[in-house]
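Reproduced below: my_file-v9.cif, with mmCIF, C-alpha atoms.
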```
data_my_file
loop_
_atom_site.label_atom_id
_atom_site.label_comp_id
_atom_site.auth_asym_id
_atom_site.auth_seq_id
_atom_site.Cartn_x
_atom_site.Cartn_y
_atom_site.Cartn_z
CA MET M 855 -10.14 -49.76 -28.61
CA LYS M 856 -12.14 -52.98 -28.98
CA ALA M 857 -11.99 -56.10 -26.84
CA GLU M 858 -13.99 -59.12 -25.81
CA ALA M 859 -14.24 -61.21 -22.67
CA GLY M 860 -11.07 -63.24 -22.17
CA ASP M 861 -8.74 -60.69 -23.78
CA LYS M 862 -5.93 -59.12 -21.75
CA ILE M 863 -5.36 -55.45 -21.04
CA VAL M 864 -1.71 -54.44 -20.72
CA ILE M 865 -0.96 -51.16 -18.95
CA HIS M 866 2.51 -49.86 -19.76
CA GLY M 867 4.18 -47.87 -17.00
CA HIS M 868 4.78 -44.30 -18.08
CA GLU M 869 7.29 -43.60 -15.31
CA VAL M 870 10.80 -45.02 -15.01
CA GLY M 871 10.74 -48.12 -12.81
CA ARG M 872 6.97 -48.52 -12.99
CA LYS M 873 5.99 -52.10 -13.74
CA VAL M 874 3.64 -53.28 -16.46
CA ARG M 875 0.21 -54.38 -15.17
CA THR M 876 -2.08 -56.88 -16.86
CA ALA M 877 -5.73 -57.73 -16.37
CA THR M 878 -8.17 -60.22 -17.84
CA ILE M 879 -11.36 -58.77 -19.29
CA VAL M 880 -14.34 -60.48 -17.67
CA GLU M 881 -17.12 -58.44 -19.33
CA VAL M 882 -17.37 -55.71 -21.95
CA HIS M 883 -19.82 -52.96 -20.96
CA GLY M 884 -19.48 -50.68 -23.99
CA GLU M 885 -20.98 -51.09 -27.44
CA ASP M 886 -19.13 -53.12 -30.08
CA GLY M 887 -16.25 -54.07 -27.76
CA ALA M 888 -15.65 -50.57 -26.43
CA PRO M 889 -14.87 -49.66 -22.80
CA PRO M 890 -15.63 -49.74 -19.98
CA TYR M 891 -14.46 -53.26 -19.12
CA LEU M 892 -14.97 -55.37 -16.03
CA VAL M 893 -11.49 -56.76 -15.28
CA ARG M 894 -9.56 -58.96 -12.85
CA TRP M 895 -6.03 -57.70 -12.27
CA ASP M 896 -3.40 -60.45 -12.57
CA ASP M 897 -1.51 -59.05 -9.57
CA ASP M 898 -4.61 -58.85 -7.32
CA PRO M 899 -3.40 -59.46 -3.75
CA HIS M 900 -6.78 -60.63 -2.42
CA ASP M 901 -7.45 -64.29 -1.59
CA LYS M 902 -10.63 -64.10 -3.64
CA PRO M 903 -10.04 -62.25 -6.94
CA THR M 904 -11.93 -58.97 -7.16
CA GLU M 905 -13.40 -57.37 -10.25
CA HIS M 906 -13.11 -53.70 -11.20
CA LEU M 907 -14.81 -51.49 -13.78
CA PHE M 908 -11.96 -50.08 -15.85
CA PHE M 909 -11.73 -47.30 -18.43
CA PRO M 910 -8.35 -47.74 -20.19
CA GLY M 911 -6.16 -44.73 -20.89
CA PRO M 912 -3.64 -44.06 -23.67
CA ASP M 913 -1.04 -46.26 -21.95
CA ALA M 914 -3.21 -49.39 -22.40
CA ASP M 915 -3.12 -52.04 -25.12
CA ILE M 916 -5.40 -55.02 -25.75
CA GLU M 917 -3.96 -58.50 -26.32
CA HIS M 918 -6.57 -60.53 -28.14
CA ILE M 919 -6.63 -64.10 -26.81
CA PRO M 920 -7.82 -66.74 -29.31
CA ALA M 921 -11.00 -68.59 -28.35
CA GLY M 922 -10.20 -71.75 -26.40
CA ALA M 923 -6.74 -70.56 -25.33
CA SER M 924 -5.94 -70.67 -21.62
CA ASP M 925 -3.18 -69.68 -19.22
CA ALA M 926 -2.78 -73.28 -18.02
#
```

Go through the file and emit its structure as structure tokens.
Amino acid sequence: MKAEAGDKIVIHGHEVGRKVRTATIVEVHGEDGAPPYLVRWDDDPHDKPTEHLFFPGPDADIEHIPAGASDA
């Protein structure tokens, strides 16, 4: 798994009824785009977004976001 800052991580629920979660990668802490990643979860309930060190499992995919693209 390789990613860069700005890419999205998509976690697919592996249980019936479990929702898909997404996060934006803020920093890559592994070599050559490898985990762990510092992420901000898109469904973060805090007023000020929090960052989490994340090691993706087999239910995770990376969506590569082109440079200059935004969610706006």

Review point. Using only C-alpha atoms, which residues sit within 8 Å of Ala877 in chain M once same-chain residues fewer than 3 positions away are excluded, as a PyMOL selection string?
Key: chain M and resi 862-864+893-896

**Study point:** Given all atoms listed in the file as the counted atoms, nearest of M:His883, M:Lys873, M:His866, M:His900 to Ala914 in chain M
**Key:**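 With all atoms listed in the file as the atom set, the closest residue is M:His866.
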
Check your understanding: At what distance in Å, to one decimal, does CA of Thr878 in chain M lie from CA of Asp897 in chain M?
Key ->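 Pair CA of Asp897 in chain M / CA of Thr878 in chain M returns 10.7 Å.
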
Practice item. Kindly give the distance, in Å, that separates CA of Gly871 in chain M and CA of Ile916 in chain M, rounded to a single decimal. Key: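 Answer for the CA of Gly871 in chain M to CA of Ile916 in chain M separation: 21.8 Å.
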
Check your understanding: CA of His918 in chain M and CA of Arg872 in chain M are how many Å apart?
Key ->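 For CA of His918 in chain M relative to CA of Arg872 in chain M, the distance reads 23.6 Å.
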
Point to revise | Ground truth for the PyMOL selection byres ((chain M and resi 906-908) around 6), written as an NGL selection string | key: :M and (890-893 or 905 or 909)

Practice item. Around the point (-18.0, -57.0, -24.5) in the file's coordinates, collect all residues with an atom within 6 Å, using all atoms listed in the file, and return them as a PyMOL selection string. Key: chain M and resi 858-859+881-883+887
